[in-house]
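K.L.:
Handing over structure.txt, compact mmCIF, C-alpha atoms and all ligand atoms.
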```txt
# COMPACT_ATOMS: atom_id res chain seq x y z
CA MET A 1 2.88 24.16 -9.21
CA ILE A 2 5.48 23.39 -11.87
CA ARG A 3 8.89 22.68 -10.36
CA THR A 4 12.22 23.26 -12.01
CA GLU A 5 14.73 20.45 -12.38
CA ASP A 6 16.84 21.99 -9.61
CA GLU A 7 13.87 22.06 -7.24
CA LEU A 8 12.99 18.45 -8.01
CA ARG A 9 16.61 17.38 -7.41
CA LYS A 10 16.53 19.03 -3.98
CA GLU A 11 13.16 17.47 -3.16
CA ILE A 12 14.30 13.95 -4.09
CA VAL A 13 17.40 14.36 -1.92
CA GLU A 14 15.20 15.56 0.96
CA VAL A 15 12.63 12.76 0.59
CA GLY A 16 15.56 10.32 0.47
CA ARG A 17 16.69 11.63 3.85
CA TRP A 18 13.18 11.32 5.31
CA VAL A 19 12.82 7.75 4.05
CA TYR A 20 16.22 6.76 5.46
CA GLU A 21 15.90 8.56 8.80
CA ARG A 22 12.51 7.00 9.49
CA GLY A 23 13.95 3.53 8.88
CA TYR A 24 11.82 2.87 5.82
CA VAL A 25 14.93 1.60 4.01
CA ALA A 26 18.26 0.07 5.01
CA GLY A 27 21.56 0.40 3.16
CA TYR A 28 20.95 1.03 -0.53
CA ASP A 29 17.27 0.02 -0.46
CA GLY A 30 14.45 1.91 -2.12
CA ASN A 31 14.21 4.42 -4.93
CA ILE A 32 12.53 7.75 -5.60
CA SER A 33 11.66 9.48 -8.86
CA ALA A 34 9.79 12.47 -10.28
CA ARG A 35 8.49 13.45 -13.71
CA LEU A 36 10.51 16.21 -15.34
CA ASP A 37 8.36 16.45 -18.49
CA ASN A 38 6.75 14.19 -21.10
CA HIS A 39 10.10 12.75 -22.13
CA ARG A 40 12.22 12.60 -19.00
CA ILE A 41 12.14 11.28 -15.44
CA LEU A 42 14.54 12.23 -12.66
CA SER A 43 15.47 9.23 -10.49
CA THR A 44 17.71 8.05 -7.71
CA PRO A 45 20.52 5.84 -9.10
CA THR A 46 21.39 2.29 -8.10
CA THR A 47 23.59 1.41 -5.06
CA ILE A 48 23.31 4.60 -3.11
CA CYS A 49 22.08 5.26 0.41
CA LYS A 50 18.95 7.38 0.06
CA GLY A 51 19.83 9.29 3.22
CA MET A 52 23.22 10.42 1.92
CA MET A 53 22.59 11.62 -1.63
CA THR A 54 23.46 14.92 -3.21
CA ALA A 55 21.54 16.55 -6.06
CA ASP A 56 24.14 15.57 -8.67
CA ASP A 57 23.90 11.85 -7.78
CA LEU A 58 20.53 11.65 -9.55
CA VAL A 59 20.09 10.38 -13.10
CA ILE A 60 17.73 11.42 -15.88
CA VAL A 61 16.08 8.65 -17.91
CA ASP A 62 13.50 8.46 -20.69
CA TYR A 63 10.17 6.63 -20.42
CA GLU A 64 11.79 3.45 -21.74
CA GLY A 65 14.30 3.53 -18.89
CA LYS A 66 17.29 4.56 -21.01
CA LYS A 67 19.73 6.90 -19.29
CA ILE A 68 19.88 10.39 -20.78
CA SER A 69 22.29 11.96 -18.30
CA GLY A 70 23.98 11.47 -14.94
CA ARG A 71 27.29 9.93 -13.87
CA ARG A 72 25.74 7.06 -11.89
CA ASN A 73 23.89 3.96 -13.10
CA VAL A 74 20.14 3.53 -13.40
CA THR A 75 18.32 1.46 -10.73
CA SER A 76 17.06 -1.98 -11.77
CA GLU A 77 13.74 -1.17 -10.10
CA LEU A 78 13.02 1.68 -12.52
CA ALA A 79 10.49 -0.42 -14.49
CA MET A 80 8.06 -0.16 -11.57
CA HIS A 81 8.29 3.67 -11.72
CA LEU A 82 7.88 3.74 -15.51
CA LEU A 83 4.78 1.56 -15.31
CA ILE A 84 3.21 3.94 -12.80
CA TYR A 85 3.99 7.07 -14.87
CA LYS A 86 2.55 5.41 -17.98
CA ARG A 87 -0.65 4.20 -16.30
CA ARG A 88 -1.26 7.20 -14.04
CA SER A 89 -1.10 10.60 -15.70
CA ASP A 90 -1.79 12.18 -12.29
CA ALA A 91 1.34 10.66 -10.72
CA GLN A 92 4.21 13.15 -10.68
CA ALA A 93 6.39 11.31 -8.16
CA VAL A 94 6.98 7.72 -7.02
CA VAL A 95 8.49 6.48 -3.75
CA HIS A 96 9.51 2.86 -3.21
CA ALA A 97 10.73 1.67 0.20
CA HIS A 98 10.69 -1.26 2.63
CA PRO A 99 9.08 0.18 5.81
CA PRO A 100 9.27 -2.68 8.33
CA THR A 101 5.68 -2.99 9.55
CA ALA A 102 3.98 -2.65 6.17
CA THR A 103 6.65 -4.86 4.58
CA GLY A 104 5.99 -7.37 7.36
CA TYR A 105 2.37 -7.53 6.19
CA ALA A 106 3.59 -7.97 2.60
CA ALA A 107 5.88 -10.80 3.74
CA ALA A 108 3.01 -12.39 5.65
CA GLY A 109 0.93 -12.34 2.47
CA MET A 110 -1.55 -9.93 4.04
CA ALA A 111 -3.00 -6.84 2.38
CA LEU A 112 -3.74 -3.75 4.50
CA ASN A 113 -7.31 -3.99 3.33
CA LYS A 114 -9.51 -3.68 6.39
CA ALA A 115 -11.80 -0.70 6.92
CA LEU A 116 -10.31 0.07 10.33
CA ILE A 117 -9.46 3.78 10.05
CA SER A 118 -11.67 6.33 8.28
CA GLU A 119 -8.83 8.49 6.95
CA VAL A 120 -7.07 5.51 5.44
CA VAL A 121 -10.27 4.51 3.62
CA LEU A 122 -10.63 8.11 2.42
CA ASN A 123 -7.00 8.29 1.28
CA PHE A 124 -6.56 4.87 -0.28
CA GLY A 125 -9.76 2.83 -0.26
CA CYS A 126 -7.38 0.13 0.83
CA ILE A 127 -3.77 -0.89 0.32
CA PRO A 128 -3.82 -4.06 -1.78
CA LEU A 129 -1.12 -6.70 -1.98
CA ALA A 130 0.45 -7.40 -5.39
CA ALA A 131 1.64 -10.92 -6.11
CA TYR A 132 5.37 -11.62 -5.79
CA GLY A 133 7.63 -10.76 -8.71
CA THR A 134 11.43 -10.90 -8.80
CA PRO A 135 12.75 -7.33 -8.34
CA GLY A 136 14.32 -5.85 -11.45
CA THR A 137 12.39 -8.17 -13.80
CA PRO A 138 9.15 -7.69 -15.78
CA GLU A 139 7.44 -10.05 -13.29
CA LEU A 140 7.26 -7.24 -10.76
CA SER A 141 5.57 -4.81 -13.17
CA GLU A 142 3.15 -7.53 -14.28
CA ALA A 143 2.16 -8.10 -10.66
CA LEU A 144 1.55 -4.37 -10.13
CA LEU A 145 -0.27 -3.76 -13.40
CA PRO A 146 -3.82 -4.74 -12.34
CA LEU A 147 -3.62 -2.51 -9.24
CA VAL A 148 -1.86 0.68 -10.40
CA GLY A 149 -4.94 2.23 -12.05
CA SER A 150 -7.07 2.14 -8.91
CA TYR A 151 -4.75 2.43 -5.92
CA ASP A 152 -2.17 5.00 -4.79
CA ALA A 153 -0.24 2.65 -2.52
CA ILE A 154 0.54 -1.02 -3.12
CA LEU A 155 2.20 -3.67 -0.98
CA MET A 156 4.47 -5.94 -2.97
CA ALA A 157 4.56 -9.49 -1.65
CA ASN A 158 7.87 -10.46 0.02
CA HIS A 159 9.35 -7.11 -0.96
CA GLY A 160 8.04 -3.69 0.14
CA VAL A 161 5.74 -0.81 -0.69
CA VAL A 162 5.29 1.64 -3.55
CA THR A 163 3.36 4.93 -3.33
CA TYR A 164 2.84 7.78 -5.79
CA GLY A 165 1.22 11.18 -5.85
CA PRO A 166 0.95 14.61 -7.43
CA ASP A 167 4.31 15.68 -5.97
CA LEU A 168 7.24 14.23 -4.01
CA SER A 169 6.09 15.18 -0.55
CA ARG A 170 2.61 13.75 -1.07
CA ALA A 171 4.06 10.50 -2.48
CA PHE A 172 6.24 10.31 0.64
CA PHE A 173 3.34 11.10 3.01
CA LYS A 174 1.42 8.21 1.50
CA MET A 175 4.36 5.95 2.36
CA GLU A 176 4.31 7.35 5.89
CA THR A 177 0.54 6.79 6.19
CA VAL A 178 0.87 3.20 4.95
CA GLU A 179 3.51 2.42 7.59
CA HIS A 180 1.51 4.22 10.29
CA PHE A 181 -1.62 2.29 9.35
CA ALA A 182 0.32 -0.98 9.33
CA LYS A 183 1.36 -0.26 12.93
CA ILE A 184 -2.24 0.50 13.93
CA SER A 185 -3.45 -2.67 12.23
CA LEU A 186 -0.79 -4.66 14.07
CA VAL A 187 -1.97 -3.22 17.40
CA THR A 188 -5.55 -4.30 16.69
CA GLU A 189 -4.25 -7.76 15.88
CA LEU A 190 -2.24 -7.87 19.11
CA LEU A 191 -5.36 -6.77 21.00
CA GLY A 192 -7.29 -9.49 19.23
CA ARG A 193 -10.14 -7.14 18.40
CA GLN A 194 -11.10 -5.25 15.29
CA VAL A 195 -14.22 -3.20 14.70
CA LEU A 196 -14.58 -2.58 10.99
CA LEU A 197 -16.57 0.19 9.34
CA SER A 198 -19.80 -0.77 7.59
CA ASP A 199 -20.40 -0.81 3.83
CA ALA A 200 -22.45 2.39 4.14
CA GLU A 201 -19.70 4.22 6.07
CA VAL A 202 -17.06 3.10 3.58
CA ASP A 203 -19.19 4.18 0.60
CA LYS A 204 -19.67 7.58 2.23
CA LEU A 205 -15.90 8.00 2.65
CA LEU A 206 -15.11 6.84 -0.90
CA SER A 207 -17.66 9.30 -2.34
CA LEU A 208 -15.82 12.16 -0.60
CA ARG A 209 -12.49 11.41 -2.34
CA ALA A 210 -12.95 13.59 -5.43
CA GLY A 211 -14.00 16.55 -3.26
CA TYR A 212 -10.95 16.15 -1.04
CA PHE A 213 -8.29 15.30 -3.57
CA GLY A 214 -9.57 16.93 -6.78
CA PRO A 215 -11.48 15.78 -9.86
CA GLY A 216 -8.54 13.72 -11.26
CA THR A 217 -8.65 11.39 -8.26
CA PRO A 218 -9.31 7.81 -9.42
CA ALA A 219 -12.61 6.46 -8.16
CA VAL A 220 -12.09 3.55 -5.79
CA GLN A 221 -14.94 1.07 -5.98
CA ARG A 222 -15.56 -0.99 -2.91
CA ASN A 223 -15.34 -4.70 -3.69
CA ALA A 224 -15.35 -7.90 -1.67
CA ILE A 225 -11.83 -7.44 -0.35
CA CYS A 226 -11.00 -3.77 -0.68
CA PRO A 227 -11.64 -2.60 1.87
CA VAL A 228 -12.95 -5.44 3.99
CA THR A 229 -15.98 -4.04 5.80
CA GLU A 230 -18.10 -5.11 8.73
CA SER A 231 -20.51 -7.10 6.58
CA VAL A 232 -17.76 -8.81 4.60
CA ALA A 233 -15.66 -9.63 7.65
CA SER A 234 -18.64 -11.18 9.34
CA VAL A 235 -19.21 -13.65 6.51
CA GLY A 236 -18.83 -17.10 7.99
CA THR A 237 -18.18 -15.68 11.45
CA ALA A 238 -21.52 -13.97 12.10
CA SER A 239 -22.46 -16.21 14.96
CA LEU A 240 -18.98 -16.39 16.42
CA ALA A 241 -18.57 -13.00 18.04
CA GLY A 242 -20.87 -10.61 19.80
CA ASN A 243 -20.74 -6.98 20.93
CA GLY A 244 -18.78 -5.79 17.91
CA ALA A 245 -15.76 -7.94 18.70
CA ARG A 246 -14.74 -10.13 15.87
CA PRO A 247 -11.98 -12.58 15.34
CA VAL A 248 -8.88 -11.30 13.70
CA ALA A 249 -8.84 -12.73 10.24
CA GLY A 250 -5.88 -12.56 7.90
CA SER A 251 -6.32 -12.50 4.15
CA GLY A 252 -6.71 -16.26 4.31
CA TYR A 253 -8.04 -18.65 6.89
CA SER A 254 -5.93 -21.37 8.44
CA LEU A 255 -6.78 -24.39 10.50
CA ASN A 256 -4.95 -22.85 13.44
CA GLU A 257 -7.01 -19.68 13.39
CA ARG A 258 -8.55 -18.80 16.75
CA PHE A 259 -12.15 -17.69 17.08
CA TRP A 260 -14.11 -16.17 19.91
CA VAL A 261 -17.46 -17.65 20.51
CA SER A 262 -20.04 -16.84 23.15
CA ARG A 263 -21.34 -19.65 25.37
CA GLU A 264 -24.78 -19.21 23.88
CA ASP A 265 -23.49 -19.47 20.30
CA LEU A 266 -21.33 -22.45 21.18
CA GLU A 267 -24.27 -24.28 22.70
CA ALA A 268 -26.37 -23.50 19.64
CA MET A 269 -23.61 -24.79 17.34
CA VAL A 270 -23.20 -27.98 19.35
CA ALA A 271 -26.97 -28.46 19.37
CA ASP A 272 -27.05 -27.93 15.59
CA ALA A 273 -24.25 -30.45 15.10
CA ILE A 274 -25.95 -33.08 17.29
CA GLU A 275 -29.26 -32.50 15.59
CA GLY A 276 -27.57 -32.81 12.18
CA LYS A 277 -26.08 -36.15 13.22
CA ALA A 278 -29.39 -37.42 14.58
CA LYS A 279 -31.11 -36.77 11.23
ZN ZN A 301 12.76 -2.76 -3.29
```
As structure tokens - that is how I would like this structure written.

P.N.:
Amino acid sequence: MIRTEDELRKEIVEVGRWVYERGYVAGYDGNISARLDNHRILSTPTTICKGMMTADDLVIVDYEGKKISGRRNVTSELAMHLLIYKRRSDAQAVVHAHPPTATGYAAAGMALNKALISEVVLNFGCIPLAAYGTPGTPELSEALLPLVGSYDAILMANHGVVTYGPDLSRAFFKMETVEHFAKISLVTELLGRQVLLSDAEVDKLLSLRAGYFGPGTPAVQRNAICPVTESVASVGTASLAGNGARPVAGSGYSLNERFWVSREDLEAMVADAIEGKAK
């Protein structure tokens, strides 16, 4: 459905309210944009609360980020939006925010990349973590560049989240799903137990994407880290946990990491170690 400029202005104002009311941004944080046509993008301006905008606060810019019209100034985070529109012809709208749980993962240096929830795998494959880049500089776009083609939602290290979709509401819903999934992931980490889907289950879900979301949907190929599946998570920990319970592993391993180990496995490990020494 093609939307008029007036409709898109109203939708951006509404999505701004949703983002603010749900606590995904504080103060002037975040920005929202939509494609008007092949030459122009409608965007939220800088230094404005996204929950308190009116339709005439928005600015129109070209694909180089130059302002075409609007009384307010252009946001310094526009480059991230421009990159996404250039690399993803299917993206009609972009939402950037700092939802606290997902941003917490980004600040902990952890991707939301575990195959924990089937619908999240279906929707995103996984939500990768882009390297840190100073906001408002080309560093940020460079960090996003390798991920934009394959993923619809990206965590930005020590910063926040960006999502995009075929219209404003779907770009926003992706943001909502990312934050919801971050909360679920956090609960599994608090419980100290995660049961990940298998490679076969993940492949089945990824093969359904085009049917669910249309032929233009980018194919997400499962790789070693996106999403992390049962077989991948068990690498190096296979003998450490039984009955489907596995240690909670972050994106990296630290010396302080805690493992569960059954008595039987522990005895076998000790026996192995002693035997190794005796040799
Ligand atoms: Zn930001």

K.L.:
Which is closest to ligand ZN 301 (chain A) among A:Asn38, A:Thr46, A:Ser231, A:Asn73, if we use all atoms listed in the file?

P.N.:
A:Thr46

K.L.:
Restricting the calculation to all atoms listed in the file: of A:Phe181, A:Tyr24, A:Phe213, A:Phe172, which residue gets closest to A:Ala97?

P.N.:
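Among the listed residues, the smallest separation from A:Ala97 belongs to A:Tyr24.
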
K.L.:
Near A:Tyr212, counting all atoms listed in the file, which residues have an atom at most 10 Å away, once you skip same-chain residues fewer than 4 positions from it, shown as a list in words?

P.N.:
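The filter keeps Leu122, Asn123, Ser207, Leu208 and Thr217 of chain A.
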
K.L.:
Can you work out which residues are within 7 Å of ligand ZN 301 (chain A), considering all atoms listed in the file, and then hand them over as a list of chain:residue names?

P.N.:
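Selection of residues at most 7 Å from ligand ZN 301 (chain A): A:Asp29, A:Gly30, A:His96, A:Ala97, A:His98, A:Pro135, A:His159, A:Gly160.
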
K.L.:
Mind checking which residues fall within 12 Å of A:Met1, counting all atoms listed in the file, ignoring those fewer than 4 positions away in the same chain, and posting them as a list in words?

P.N.:
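What passes the distance filter is Glu7, Leu8, Gln92, Pro166 and Asp167 of chain A.
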
K.L.:
Quick one: distance from atom CA of A:Pro128 to atom CA of A:Pro99 in Å, one decimal?

P.N.:
15.6 Å

K.L.:
Residues at most 8 Å from A:Val178, counting all atoms listed in the file, excluding those fewer than 3 positions away in the same chain, as a PyMOL selection string?

P.N.:
chain A and resi 102+127+153+174-175+181-182

K.L.:
Mind giving me the straight-line distance from atom CA of A:Pro45 to atom CA of A:Glu179 in Å, one decimal?

P.N.:
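Pair atom CA of A:Pro45 / atom CA of A:Glu179 returns 24.1 Å.
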
K.L.:
Measuring between all atoms listed in the file, which one of A:Ala143, A:Leu205, A:Ile117, A:Met53 shows the shortest distance to A:Met156?

P.N.:
A:Ala143

K.L.:
Do you have the atom CA of A:Arg193-atom CA of A:Ala111 distance handy?

P.N.:
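These atoms are spaced 17.5 Å apart.
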
K.L.:
Under the rule that only C-alpha atoms are counted, which of A:Leu116, A:Leu168, A:Val148, A:Val74 is the nearest residue to A:Leu36?

P.N.:
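Selected residue with least distance to A:Leu36: A:Leu168.
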
K.L.:
Between A:Tyr164, A:Phe173, A:Phe124, A:Tyr105, which has the minimum distance to A:Ser89 (counting only C-alpha atoms)?

P.N.:
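Under the stated criterion, the closest residue is A:Tyr164.
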